[in-house]
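Structure file final.txt; described as compact mmCIF, C-alpha atoms.
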# COMPACT_ATOMS: atom_id res chain seq x y z
CA MET A 1 -10.35 34.08 3.65
CA LYS A 2 -11.98 34.53 7.07
CA SER A 3 -9.27 33.92 9.60
CA ASP A 4 -11.34 34.91 12.63
CA VAL A 5 -14.05 32.27 12.33
CA ASP A 6 -14.12 29.21 14.54
CA HIS A 7 -15.25 25.77 13.42
CA PRO A 8 -16.41 22.87 15.59
CA SER A 9 -14.13 19.90 15.93
CA PRO A 10 -15.51 16.69 14.40
CA GLU A 11 -14.65 14.90 17.65
CA GLY A 12 -16.85 16.99 19.94
CA ASN A 13 -17.92 20.48 20.93
CA GLU A 14 -14.42 21.92 21.15
CA VAL A 15 -13.76 24.76 18.71
CA HIS A 16 -10.58 25.41 16.78
CA PRO A 17 -9.67 28.72 15.17
CA ILE A 18 -8.71 28.57 11.51
CA GLN A 19 -4.96 28.09 11.39
CA PRO A 20 -2.51 29.96 9.13
CA PRO A 21 -1.39 28.13 5.95
CA HIS A 22 1.95 27.14 7.45
CA ALA A 23 0.43 25.77 10.70
CA PRO A 24 0.94 22.05 9.85
CA LEU A 25 4.69 22.61 9.41
CA LYS A 26 4.99 23.73 13.04
CA HIS A 27 4.74 20.06 14.02
CA PRO A 28 8.26 18.50 13.74
CA ALA A 29 6.89 14.97 13.54
CA LEU A 30 4.80 15.93 10.50
CA VAL A 31 7.85 17.48 8.83
CA ARG A 32 9.82 14.26 9.38
CA TYR A 33 6.89 12.21 8.08
CA ILE A 34 6.59 14.37 4.96
CA LEU A 35 10.32 14.02 4.31
CA ALA A 36 9.99 10.24 4.53
CA ARG A 37 7.05 10.24 2.12
CA VAL A 38 8.80 12.61 -0.29
CA LEU A 39 11.88 10.41 -0.49
CA PHE A 40 9.83 7.25 -0.86
CA GLY A 41 7.36 8.67 -3.38
CA GLY A 42 10.02 10.40 -5.47
CA SER A 43 12.13 7.25 -5.52
CA ASN A 44 9.21 5.19 -6.75
CA GLN A 45 8.61 7.64 -9.57
CA ILE A 46 12.26 7.42 -10.62
CA LYS A 47 12.13 3.64 -10.42
CA ASP A 48 8.92 3.40 -12.46
CA VAL A 49 10.44 5.40 -15.33
CA ALA A 50 13.43 3.04 -15.44
CA ILE A 51 11.38 -0.17 -15.25
CA GLY A 52 8.92 1.01 -17.90
CA TRP A 53 11.62 2.07 -20.33
CA GLN A 54 13.74 -1.03 -19.68
CA VAL A 55 10.82 -3.45 -20.19
CA TYR A 56 9.75 -1.69 -23.38
CA ALA A 57 13.36 -1.72 -24.65
CA LEU A 58 13.60 -5.46 -23.98
CA THR A 59 10.23 -6.55 -25.41
CA GLY A 60 8.65 -3.66 -27.37
CA SER A 61 5.28 -4.91 -26.09
CA ALA A 62 2.39 -2.76 -24.82
CA LEU A 63 1.00 -5.82 -23.05
CA ASP A 64 4.25 -6.25 -21.10
CA LEU A 65 4.01 -2.63 -19.94
CA GLY A 66 0.56 -3.46 -18.62
CA LEU A 67 1.82 -6.65 -16.98
CA VAL A 68 4.24 -4.58 -14.87
CA GLY A 69 1.22 -2.93 -13.27
CA LEU A 70 -0.70 -6.18 -12.87
CA ILE A 71 2.23 -7.92 -11.19
CA GLN A 72 2.64 -5.06 -8.72
CA PHE A 73 -1.08 -5.26 -7.93
CA LEU A 74 -1.27 -9.01 -7.24
CA PRO A 75 0.41 -8.83 -3.79
CA ARG A 76 -2.11 -6.17 -2.75
CA LEU A 77 -4.94 -8.43 -3.81
CA LEU A 78 -3.50 -11.35 -1.84
CA LEU A 79 -2.03 -9.67 1.24
CA THR A 80 -4.01 -6.48 1.90
CA ALA A 81 -6.11 -8.02 4.70
CA VAL A 82 -2.94 -9.16 6.48
CA ALA A 83 -1.21 -5.81 5.95
CA GLY A 84 -4.16 -3.81 7.33
CA ASP A 85 -4.52 -6.04 10.38
CA MET A 86 -0.80 -5.78 11.14
CA ALA A 87 -0.97 -1.98 10.86
CA ASP A 88 -3.64 -1.99 13.60
CA ARG A 89 -1.77 -4.38 15.92
CA HIS A 90 1.91 -3.44 15.54
CA ASP A 91 4.07 -0.34 15.59
CA ARG A 92 3.28 1.34 12.27
CA ARG A 93 6.70 3.00 12.12
CA HIS A 94 8.51 -0.34 12.24
CA LEU A 95 6.12 -1.95 9.76
CA ALA A 96 6.62 0.86 7.22
CA ALA A 97 10.39 0.83 7.73
CA GLY A 98 10.63 -2.95 7.32
CA ALA A 99 8.59 -2.86 4.11
CA GLN A 100 10.85 -0.15 2.69
CA ALA A 101 13.96 -2.15 3.60
CA LEU A 102 12.56 -5.01 1.51
CA GLN A 103 12.08 -2.60 -1.39
CA CYS A 104 15.72 -1.51 -1.07
CA LEU A 105 16.81 -5.12 -1.55
CA GLY A 106 14.76 -5.43 -4.72
CA LEU A 107 16.16 -2.20 -6.14
CA LEU A 108 19.74 -3.25 -5.39
CA TRP A 109 19.11 -6.51 -7.26
CA LEU A 110 17.82 -4.53 -10.25
CA ALA A 111 20.93 -2.33 -10.08
CA LEU A 112 23.26 -5.34 -10.04
CA GLY A 113 21.34 -7.04 -12.85
CA SER A 114 21.55 -3.92 -14.99
CA ALA A 115 25.24 -3.35 -14.24
CA PHE A 116 26.26 -6.94 -15.05
CA ASP A 117 23.66 -7.46 -17.81
CA PHE A 118 21.85 -10.52 -16.45
CA LEU A 119 18.33 -9.04 -16.29
CA ASP A 120 15.65 -10.52 -18.51
CA ARG A 121 11.90 -10.13 -18.73
CA GLY A 122 11.12 -12.87 -16.21
CA LEU A 123 13.61 -11.66 -13.59
CA ILE A 124 12.34 -8.08 -13.84
CA PHE A 125 8.77 -9.30 -13.35
CA GLY A 126 9.86 -11.34 -10.31
CA ILE A 127 11.52 -8.33 -8.68
CA VAL A 128 8.49 -6.17 -9.50
CA PHE A 129 6.38 -8.72 -7.59
CA LEU A 130 8.72 -8.33 -4.60
CA LEU A 131 8.37 -4.54 -4.81
CA GLY A 132 4.60 -5.01 -4.84
CA ILE A 133 4.78 -6.99 -1.58
CA SER A 134 6.78 -4.17 -0.01
CA GLN A 135 4.29 -1.52 -1.09
CA THR A 136 1.36 -3.63 0.16
CA PHE A 137 2.63 -3.46 3.75
CA GLN A 138 4.11 0.04 3.53
CA GLY A 139 0.91 1.74 2.35
CA PRO A 140 -1.55 1.07 5.22
CA ALA A 141 1.11 1.54 7.91
CA SER A 142 2.39 4.88 6.62
CA THR A 143 -1.06 6.26 5.75
CA ALA A 144 -2.47 5.45 9.20
CA LEU A 145 0.44 7.26 10.90
CA LEU A 146 -0.46 10.76 9.67
CA PRO A 147 -3.67 11.48 11.67
CA GLY A 148 -1.78 10.98 14.94
CA LEU A 149 0.86 13.59 14.11
CA VAL A 150 -1.37 16.71 14.00
CA PRO A 151 -4.57 17.95 15.71
CA THR A 152 -7.76 16.82 14.01
CA ALA A 153 -8.63 20.34 12.88
CA LEU A 154 -5.39 20.51 10.89
CA LEU A 155 -5.77 17.14 9.15
CA PRO A 156 -7.09 18.40 5.77
CA ARG A 157 -4.30 20.97 5.54
CA ALA A 158 -1.73 18.43 6.68
CA LEU A 159 -2.91 16.11 3.90
CA ALA A 160 -2.69 18.95 1.36
CA THR A 161 0.78 19.97 2.60
CA ASN A 162 1.96 16.37 2.44
CA GLY A 163 0.43 16.08 -1.04
CA ALA A 164 2.20 19.22 -2.25
CA ALA A 165 5.57 17.96 -1.00
CA VAL A 166 5.13 14.45 -2.40
CA GLN A 167 3.93 15.78 -5.75
CA THR A 168 6.93 18.12 -5.93
CA ALA A 169 9.11 15.04 -5.63
CA THR A 170 6.91 13.42 -8.27
CA ILE A 171 7.68 16.31 -10.60
CA LEU A 172 11.41 16.01 -10.11
CA GLY A 173 11.51 12.22 -9.88
CA PRO A 174 10.44 11.18 -13.39
CA ALA A 175 12.48 13.95 -15.03
CA LEU A 176 15.51 12.96 -12.97
CA GLY A 177 14.86 9.31 -13.77
CA GLY A 178 14.70 10.03 -17.50
CA PHE A 179 17.99 11.89 -17.52
CA LEU A 180 19.73 9.42 -15.18
CA TYR A 181 18.66 6.60 -17.47
CA LEU A 182 21.00 8.07 -20.07
CA LEU A 183 23.82 6.98 -17.74
CA GLY A 184 22.32 3.51 -17.43
CA PRO A 185 19.52 1.90 -15.41
CA ALA A 186 21.95 0.74 -12.72
CA TRP A 187 22.44 4.38 -11.69
CA VAL A 188 18.68 4.86 -11.42
CA TYR A 189 18.10 1.80 -9.25
CA GLY A 190 21.12 2.52 -7.04
CA LEU A 191 19.97 6.08 -6.35
CA THR A 192 16.42 5.01 -5.52
CA ALA A 193 17.70 2.37 -3.07
CA LEU A 194 19.76 5.05 -1.31
CA LEU A 195 16.86 7.51 -1.06
CA ILE A 196 14.47 4.87 0.27
CA GLY A 197 17.08 3.93 2.87
CA VAL A 198 17.08 7.53 4.15
CA SER A 199 13.26 7.51 4.13
CA THR A 200 13.34 4.39 6.30
CA LEU A 201 15.45 6.19 8.91
CA CYS A 202 12.96 9.08 8.93
CA PHE A 203 10.07 6.72 9.68
CA LEU A 204 12.01 5.17 12.55
CA GLY A 205 12.53 8.67 14.00
CA LEU A 206 8.80 9.39 14.34
CA PRO A 207 7.19 9.44 17.80
CA PRO A 208 5.61 6.10 18.76
CA PRO A 209 1.93 5.87 17.78
CA PRO A 210 -0.72 4.73 20.29
CA ARG A 211 -0.78 0.99 20.77
CA PRO A 212 -4.32 -0.41 20.94
CA GLU A 213 -5.00 -3.19 23.42
CA PRO A 214 -5.12 -6.51 21.56
CA GLY A 215 -8.56 -8.12 21.68
CA PRO A 216 -9.52 -11.80 21.64
CA GLU A 217 -10.64 -11.67 18.00
CA SER A 218 -8.80 -13.62 15.33
CA GLY A 219 -7.24 -11.92 12.33
CA PHE A 220 -10.18 -12.99 10.17
CA GLU A 221 -12.68 -11.59 12.68
CA ARG A 222 -10.83 -8.27 12.77
CA PHE A 223 -10.89 -8.12 8.98
CA VAL A 224 -14.64 -8.85 8.91
CA ALA A 225 -15.16 -6.10 11.51
CA GLY A 226 -13.40 -3.68 9.18
CA LEU A 227 -15.66 -4.70 6.29
CA ARG A 228 -18.75 -4.25 8.48
CA PHE A 229 -17.53 -0.79 9.44
CA LEU A 230 -17.21 0.17 5.78
CA ARG A 231 -20.56 -1.38 4.85
CA ALA A 232 -22.29 0.90 7.34
CA ARG A 233 -20.70 4.01 5.81
CA PRO A 234 -21.71 4.44 2.15
CA VAL A 235 -19.94 7.81 1.99
CA ILE A 236 -16.56 6.14 2.58
CA VAL A 237 -17.31 3.27 0.21
CA GLY A 238 -18.52 5.64 -2.49
CA THR A 239 -15.48 7.89 -2.10
CA ILE A 240 -12.96 5.08 -2.37
CA SER A 241 -14.70 3.20 -5.17
CA LEU A 242 -15.26 6.36 -7.25
CA ASP A 243 -11.53 7.00 -7.26
CA MET A 244 -10.75 3.38 -8.05
CA PHE A 245 -13.00 2.97 -11.08
CA ALA A 246 -12.28 6.43 -12.46
CA VAL A 247 -8.51 5.95 -12.51
CA LEU A 248 -8.86 2.26 -13.45
CA PHE A 249 -10.33 3.27 -16.80
CA GLY A 250 -8.95 6.80 -17.19
CA GLY A 251 -5.31 6.35 -16.19
CA ALA A 252 -2.71 6.00 -18.95
CA THR A 253 0.57 6.02 -17.03
CA ALA A 254 1.68 2.62 -18.32
CA LEU A 255 1.29 3.81 -21.92
CA LEU A 256 3.44 6.92 -21.57
CA PRO A 257 6.59 5.17 -22.91
CA MET A 258 4.65 4.32 -26.08
CA VAL A 259 3.13 7.80 -26.32
CA ALA A 260 6.57 9.38 -25.96
CA HIS A 261 8.15 7.11 -28.56
CA GLU A 262 5.44 6.55 -31.18
CA VAL A 263 3.21 9.64 -31.01
CA LEU A 264 5.39 12.46 -29.72
CA HIS A 265 8.67 11.07 -31.13
CA THR A 266 10.78 11.87 -28.08
CA GLY A 267 13.17 9.90 -25.87
CA PRO A 268 13.56 9.14 -22.13
CA TRP A 269 13.80 12.86 -21.33
CA GLY A 270 10.40 13.43 -22.92
CA LEU A 271 8.98 10.47 -21.02
CA GLY A 272 10.27 12.03 -17.82
CA LEU A 273 8.49 15.29 -18.63
CA LEU A 274 5.25 13.45 -19.34
CA ARG A 275 5.52 11.52 -16.06
CA SER A 276 6.18 14.79 -14.20
CA ALA A 277 3.32 16.77 -15.76
CA PRO A 278 0.49 15.41 -13.56
CA ALA A 279 2.54 16.24 -10.49
CA VAL A 280 2.94 19.87 -11.64
CA GLY A 281 -0.82 20.29 -11.67
CA ALA A 282 -1.09 18.40 -8.37
CA VAL A 283 1.40 20.71 -6.64
CA VAL A 284 -0.46 23.82 -7.77
CA MET A 285 -3.72 22.35 -6.46
CA SER A 286 -2.09 21.22 -3.20
CA VAL A 287 -0.65 24.66 -2.47
CA TRP A 288 -4.06 26.21 -3.06
CA LEU A 289 -5.79 23.69 -0.80
CA ALA A 290 -3.21 24.11 1.96
CA SER A 291 -3.71 27.90 2.00
CA ARG A 292 -7.50 27.95 2.31
CA PRO A 293 -10.00 27.02 5.05
CA PRO A 294 -11.65 23.58 4.93
CA PHE A 295 -14.50 23.20 2.46
CA GLU A 296 -17.59 24.87 3.88
CA GLN A 297 -20.16 23.52 1.42
CA GLY A 298 -20.61 21.21 -1.52
CA VAL A 299 -17.77 18.76 -0.73
CA GLY A 300 -19.52 15.88 -2.50
CA ARG A 301 -20.30 17.92 -5.60
CA VAL A 302 -16.69 19.19 -5.74
CA LEU A 303 -15.43 15.59 -5.55
CA TYR A 304 -17.62 14.48 -8.46
CA ALA A 305 -16.60 17.52 -10.52
CA ALA A 306 -12.91 16.84 -9.86
CA VAL A 307 -13.16 13.24 -11.07
CA ALA A 308 -15.12 14.30 -14.16
CA SER A 309 -12.43 16.90 -14.92
CA PHE A 310 -9.83 14.12 -14.70
CA GLY A 311 -11.71 12.11 -17.32
CA LEU A 312 -12.11 15.07 -19.67
CA SER A 313 -8.41 15.89 -19.48
CA MET A 314 -7.53 12.31 -20.46
CA ILE A 315 -9.88 12.50 -23.45
CA ALA A 316 -7.99 15.59 -24.62
CA PHE A 317 -4.67 13.82 -24.00
CA GLY A 318 -5.84 10.94 -26.19
CA PHE A 319 -6.29 13.31 -29.15
CA SER A 320 -3.03 15.24 -28.64
CA THR A 321 -0.05 14.85 -30.97
CA SER A 322 1.90 17.77 -29.47
CA LEU A 323 4.29 17.45 -26.52
CA PRO A 324 3.30 20.84 -24.94
CA LEU A 325 -0.41 20.08 -25.28
CA SER A 326 0.04 16.58 -23.87
CA ILE A 327 1.93 18.01 -20.89
CA ALA A 328 -0.89 20.54 -20.30
CA CYS A 329 -3.56 17.82 -20.41
CA LEU A 330 -1.63 15.67 -17.95
CA ALA A 331 -1.09 18.67 -15.65
CA LEU A 332 -4.85 19.27 -15.57
CA SER A 333 -5.44 15.61 -14.79
CA GLY A 334 -2.98 15.86 -11.90
CA ALA A 335 -4.69 18.93 -10.45
CA SER A 336 -8.09 17.24 -10.65
CA ASP A 337 -6.76 14.04 -9.11
CA MET A 338 -5.13 15.91 -6.20
CA LEU A 339 -8.37 17.74 -5.40
CA ALA A 340 -10.23 14.42 -5.32
CA LEU A 341 -7.41 12.82 -3.29
CA VAL A 342 -7.45 15.40 -0.48
CA ILE A 343 -11.25 15.20 -0.19
CA ARG A 344 -11.17 11.40 -0.24
CA GLN A 345 -8.43 11.02 2.37
CA SER A 346 -9.97 13.65 4.65
CA LEU A 347 -13.38 12.00 4.53
CA VAL A 348 -11.94 8.55 5.18
CA GLN A 349 -9.58 9.57 8.01
CA LEU A 350 -12.08 11.84 9.80
CA GLN A 351 -14.75 9.15 9.78
CA THR A 352 -12.51 6.27 10.95
CA PRO A 353 -11.42 5.56 14.57
CA ASP A 354 -7.67 5.14 15.08
CA ASP A 355 -7.86 1.46 16.07
CA MET A 356 -9.41 0.69 12.67
CA ARG A 357 -7.40 3.06 10.46
CA GLY A 358 -4.95 0.34 9.43
CA ARG A 359 -7.68 -1.94 8.09
CA VAL A 360 -9.60 0.87 6.42
CA SER A 361 -6.36 2.23 4.94
CA ALA A 362 -5.62 -1.27 3.67
CA VAL A 363 -8.98 -1.44 1.91
CA SER A 364 -8.35 2.03 0.49
CA THR A 365 -4.88 0.92 -0.58
CA ILE A 366 -6.17 -2.08 -2.51
CA PHE A 367 -8.74 0.14 -4.23
CA ILE A 368 -6.03 2.65 -5.15
CA GLY A 369 -3.72 -0.20 -6.12
CA ALA A 370 -6.44 -1.52 -8.40
CA SER A 371 -6.86 1.89 -9.99
CA ASN A 372 -3.12 2.33 -10.53
CA GLN A 373 -1.47 -1.07 -11.07
CA LEU A 374 -4.53 -2.93 -12.40
CA GLY A 375 -5.38 0.16 -14.42
CA GLU A 376 -1.94 -0.07 -16.04
CA PHE A 377 -2.73 -3.63 -17.10
CA GLU A 378 -6.12 -2.52 -18.46
CA SER A 379 -4.41 0.28 -20.40
CA GLY A 380 -1.87 -2.09 -21.91
CA LEU A 381 -4.55 -4.62 -22.85
CA ALA A 382 -6.79 -1.94 -24.38
CA ALA A 383 -3.88 -0.47 -26.36
CA ALA A 384 -2.97 -3.92 -27.67
CA TRP A 385 -6.57 -4.53 -28.82
CA LEU A 386 -7.77 -1.07 -29.88
CA GLY A 387 -4.63 0.92 -30.57
CA LEU A 388 -2.77 3.41 -28.43
CA MET A 389 -4.71 6.66 -28.71
CA PRO A 390 -8.23 5.10 -28.96
CA ALA A 391 -7.53 3.24 -25.71
CA ILE A 392 -6.66 6.48 -23.90
CA THR A 393 -9.66 8.39 -25.28
CA LEU A 394 -12.19 5.65 -24.49
CA GLY A 395 -10.73 5.38 -20.99
CA GLY A 396 -11.44 9.07 -20.40
CA LEU A 397 -15.00 8.63 -21.64
CA ALA A 398 -15.44 5.68 -19.27
CA THR A 399 -14.31 7.87 -16.35
CA VAL A 400 -16.96 10.48 -17.11
CA GLY A 401 -19.52 7.69 -17.33
CA ILE A 402 -18.44 6.37 -13.92
CA VAL A 403 -19.05 9.82 -12.39
CA LEU A 404 -22.59 9.92 -13.77
CA LEU A 405 -23.31 6.39 -12.55
CA TRP A 406 -21.93 7.06 -9.04
CA THR A 407 -24.27 10.03 -8.56
CA ARG A 408 -27.09 7.48 -8.73
CA LEU A 409 -25.40 4.69 -6.74
CA PHE A 410 -24.09 6.91 -3.91
CA PRO A 411 -26.43 9.91 -3.56
CA ALA A 412 -25.34 10.38 0.09
CA LEU A 413 -21.81 11.16 -1.08
CA PHE A 414 -23.11 13.70 -3.60
CA ARG A 415 -25.02 15.47 -0.80
CA VAL A 416 -22.07 15.77 1.63
CA GLU A 417 -21.52 19.45 2.42
CA ARG A 418 -18.52 19.49 4.81
CA LEU A 419 -15.59 17.18 5.46
CA ASP A 420 -16.43 16.84 9.16
CA ALA A 421 -20.15 16.31 8.64
CA ALA A 422 -20.26 13.28 6.36

Show me, as structure tokens, the structure contained in the file I just sent.
Amino acid sequence: MKSDVDHPSPEGNEVHPIQPPHAPLKHPALVRYILARVLFGGSNQIKDVAIGWQVYALTGSALDLGLVGLIQFLPRLLLTAVAGDMADRHDRRHLAAGAQALQCLGLLWLALGSAFDFLDRGLIFGIVFLLGISQTFQGPASTALLPGLVPTALLPRALATNGAAVQTATILGPALGGFLYLLGPAWVYGLTALLIGVSTLCFLGLPPPPRPEPGPESGFERFVAGLRFLRARPVIVGTISLDMFAVLFGGATALLPMVAHEVLHTGPWGLGLLRSAPAVGAVVMSVWLASRPPFEQGVGRVLYAAVASFGLSMIAFGFSTSLPLSIACLALSGASDMLALVIRQSLVQLQTPDDMRGRVSAVSTIFIGASNQLGEFESGLAAAWLGLMPAITLGGLATVGIVLLWTRLFPALFRVERLDAA
């Protein structure tokens, strides 16, 4: 590593020396932000284990596991434009905190329903829809906060450091959720509500972000302006859409309860390990990214290779009948996904002005929501039609195909050399 080389700032001619690996953590606001994201992200992982296992225990249906993802995605489809516009016009700290408070209410209702045994399939789906509304408004607001907490030159490392911390919580969260579920789902939902409450206080303690001057445009006009901004930047569109379609077809998170029960013949503890495995690989990749200089060449090619690696790892997971091998395949998928995530977020944030980051983050959020929640529905539907393991394997093959297609559709993205020169 060359620590004595200067690199130009993407915002002008100012130069910034390469910072030591721990440089992002010297900013107290970033540390508080990371703590908030860790608590929120880890809590969601714990909650997802409980909801998945509880729905499967109630119905035994792969399609219902997929419906959980679809129902969480619907609010993003309906409300993303509103959420992004609000993140550009209001205090992002308060918007994120209010959304998380709504999620706490939903989790407390799940806890009460589990404790007093009045939850059924319909009520769980209704609360999941409420949680989806919360996440729709929380995502753009919290994502757009990060670039204002550190100097521009430190943004890629700040993203990697945040990713490492969040993925560490993702490792512990599902495993903790699996073991806590042995005590009963009410314990799981109660703990997640408590942790998200603490995360809300952390967001409220962040320094106030810049407040843009409101213009005369209507909400619809502001949304159209955001779409025009994206249309003029094929690198951003290609980056976001590549991630969406790859994980839409290649993700198999919704099917992990079935894999644990029917293929690997394990219980909630095994499901927790499977849910944690991608985060193990992601943490290793995050630590490596946080300790190295920004990418000097071949950023686009690295992004395509990372997404292809994700697809190949899911193909191997589809053939696995061994718990250790399945964990290894999922860990590799997590490492590949984290590499693509840091490149994607850095490209998007460095190419977007602050007064438009809420809207662009909202568009990114709906793409990521489609790849995660809608992908869960696709996985459940494919498993119901084709069978469990064929659905996973064909999804991995589709991801590799998407990578090959995107090299033709977005050649400018493939040719990007540096994060600050897209």

**Prompt:** If we count only C-alpha atoms, what is near Leu394 (chain A) at a cut-off of 9 Å, once residues fewer than 2 positions away on the same chain are taken out, given as a list of chain:residue names?
**Reply:** A:Phe249, A:Gly250, A:Ile315, A:Gly318, A:Met389, A:Pro390, A:Ala391, A:Ile392, A:Gly396, A:Leu397, A:Ala398, A:Thr399

**Prompt:** Of the candidates A:His94, A:Ala260, A:Cys329, A:Ile127, which one gets nearest to Pro209 (chain A) if we count only C-alpha atoms?
**Reply:** A:His94

**Closest of A:Ala160, A:Leu330, A:Leu303, A:Val403 to Ala316 (chain A) - atom-to-atom distances counting all atoms listed in the file** =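 Nearest to Ala316 (chain A): A:Leu330.
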
**Asked** For the atom pair CA of Gly113 (chain A) and CA of Trp187 (chain A), what is the interatomic distance in Å to one decimal place?
**Response**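 Atom-to-atom, CA of Gly113 (chain A) and CA of Trp187 (chain A) are spaced 11.5 Å apart.
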
**Message:** Could you tell me how far CA of Arg222 (chain A) sits from CA of Tyr33 (chain A), in Å to one decimal place?
**Reply:**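 Distance between the two atoms: 27.5 Å.
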
Incomplete region 82-102 of chain A filled out to N, CA and C atoms as a PDB file, in the frame of the given file:
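selection_21.pdb, written as the output of this step:
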ATOM      1  N   VAL A  82      -4.005  -8.948   5.496  1.00  0.00           N
ATOM      2  CA  VAL A  82      -2.940  -9.160   6.480  1.00  0.00           C
ATOM      3  C   VAL A  82      -2.220  -7.854   6.792  1.00  0.00           C
ATOM      4  N   ALA A  83      -1.929  -7.071   5.754  1.00  0.00           N
ATOM      5  CA  ALA A  83      -1.210  -5.810   5.950  1.00  0.00           C
ATOM      6  C   ALA A  83      -2.017  -4.836   6.804  1.00  0.00           C
ATOM      7  N   GLY A  84      -3.324  -4.717   6.550  1.00  0.00           N
ATOM      8  CA  GLY A  84      -4.160  -3.810   7.330  1.00  0.00           C
ATOM      9  C   GLY A  84      -4.273  -4.241   8.778  1.00  0.00           C
ATOM     10  N   ASP A  85      -4.424  -5.536   9.016  1.00  0.00           N
ATOM     11  CA  ASP A  85      -4.520  -6.040  10.380  1.00  0.00           C
ATOM     12  C   ASP A  85      -3.220  -5.806  11.142  1.00  0.00           C
ATOM     13  N   MET A  86      -2.085  -6.011  10.488  1.00  0.00           N
ATOM     14  CA  MET A  86      -0.800  -5.780  11.140  1.00  0.00           C
ATOM     15  C   MET A  86      -0.609  -4.297  11.470  1.00  0.00           C
ATOM     16  N   ALA A  87      -1.103  -3.414  10.601  1.00  0.00           N
ATOM     17  CA  ALA A  87      -0.970  -1.980  10.860  1.00  0.00           C
ATOM     18  C   ALA A  87      -1.802  -1.544  12.063  1.00  0.00           C
ATOM     19  N   ASP A  88      -2.835  -2.312  12.420  1.00  0.00           N
ATOM     20  CA  ASP A  88      -3.640  -1.990  13.600  1.00  0.00           C
ATOM     21  C   ASP A  88      -3.129  -2.670  14.867  1.00  0.00           C
ATOM     22  N   ARG A  89      -2.225  -3.634  14.743  1.00  0.00           N
ATOM     23  CA  ARG A  89      -1.770  -4.380  15.920  1.00  0.00           C
ATOM     24  C   ARG A  89      -0.303  -4.171  16.257  1.00  0.00           C
ATOM     25  N   HIS A  90       0.469  -3.607  15.325  1.00  0.00           N
ATOM     26  CA  HIS A  90       1.910  -3.440  15.540  1.00  0.00           C
ATOM     27  C   HIS A  90       2.305  -1.987  15.352  1.00  0.00           C
ATOM     28  N   ASP A  91       3.531  -1.690  15.739  1.00  0.00           N
ATOM     29  CA  ASP A  91       4.070  -0.340  15.590  1.00  0.00           C
ATOM     30  C   ASP A  91       4.133   0.006  14.095  1.00  0.00           C
ATOM     31  N   ARG A  92       3.362   1.010  13.686  1.00  0.00           N
ATOM     32  CA  ARG A  92       3.280   1.340  12.270  1.00  0.00           C
ATOM     33  C   ARG A  92       4.582   1.880  11.727  1.00  0.00           C
ATOM     34  N   ARG A  93       5.392   2.515  12.576  1.00  0.00           N
ATOM     35  CA  ARG A  93       6.700   3.000  12.120  1.00  0.00           C
ATOM     36  C   ARG A  93       7.573   1.833  11.683  1.00  0.00           C
ATOM     37  N   HIS A  94       7.642   0.804  12.531  1.00  0.00           N
ATOM     38  CA  HIS A  94       8.510  -0.340  12.240  1.00  0.00           C
ATOM     39  C   HIS A  94       8.002  -1.131  11.032  1.00  0.00           C
ATOM     40  N   LEU A  95       6.682  -1.219  10.902  1.00  0.00           N
ATOM     41  CA  LEU A  95       6.120  -1.950   9.760  1.00  0.00           C
ATOM     42  C   LEU A  95       6.453  -1.237   8.455  1.00  0.00           C
ATOM     43  N   ALA A  96       6.299   0.103   8.428  1.00  0.00           N
ATOM     44  CA  ALA A  96       6.620   0.860   7.220  1.00  0.00           C
ATOM     45  C   ALA A  96       8.110   0.775   6.907  1.00  0.00           C
ATOM     46  N   ALA A  97       8.946   0.879   7.950  1.00  0.00           N
ATOM     47  CA  ALA A  97      10.390   0.830   7.730  1.00  0.00           C
ATOM     48  C   ALA A  97      10.828  -0.541   7.222  1.00  0.00           C
ATOM     49  N   GLY A  98      10.261  -1.613   7.781  1.00  0.00           N
ATOM     50  CA  GLY A  98      10.630  -2.950   7.320  1.00  0.00           C
ATOM     51  C   GLY A  98      10.223  -3.191   5.873  1.00  0.00           C
ATOM     52  N   ALA A  99       9.039  -2.703   5.499  1.00  0.00           N
ATOM     53  CA  ALA A  99       8.590  -2.860   4.110  1.00  0.00           C
ATOM     54  C   ALA A  99       9.520  -2.119   3.163  1.00  0.00           C
ATOM     55  N   GLN A 100       9.955  -0.916   3.559  1.00  0.00           N
ATOM     56  CA  GLN A 100      10.850  -0.150   2.690  1.00  0.00           C
ATOM     57  C   GLN A 100      12.233  -0.798   2.598  1.00  0.00           C
ATOM     58  N   ALA A 101      12.685  -1.432   3.673  1.00  0.00           N
ATOM     59  CA  ALA A 101      13.960  -2.150   3.600  1.00  0.00           C
ATOM     60  C   ALA A 101      13.895  -3.278   2.581  1.00  0.00           C
ATOM     61  N   LEU A 102      12.742  -3.963   2.522  1.00  0.00           N
ATOM     62  CA  LEU A 102      12.560  -5.010   1.510  1.00  0.00           C
ATOM     63  C   LEU A 102      12.614  -4.418   0.106  1.00  0.00           C
TER      64      LEU A 102
END
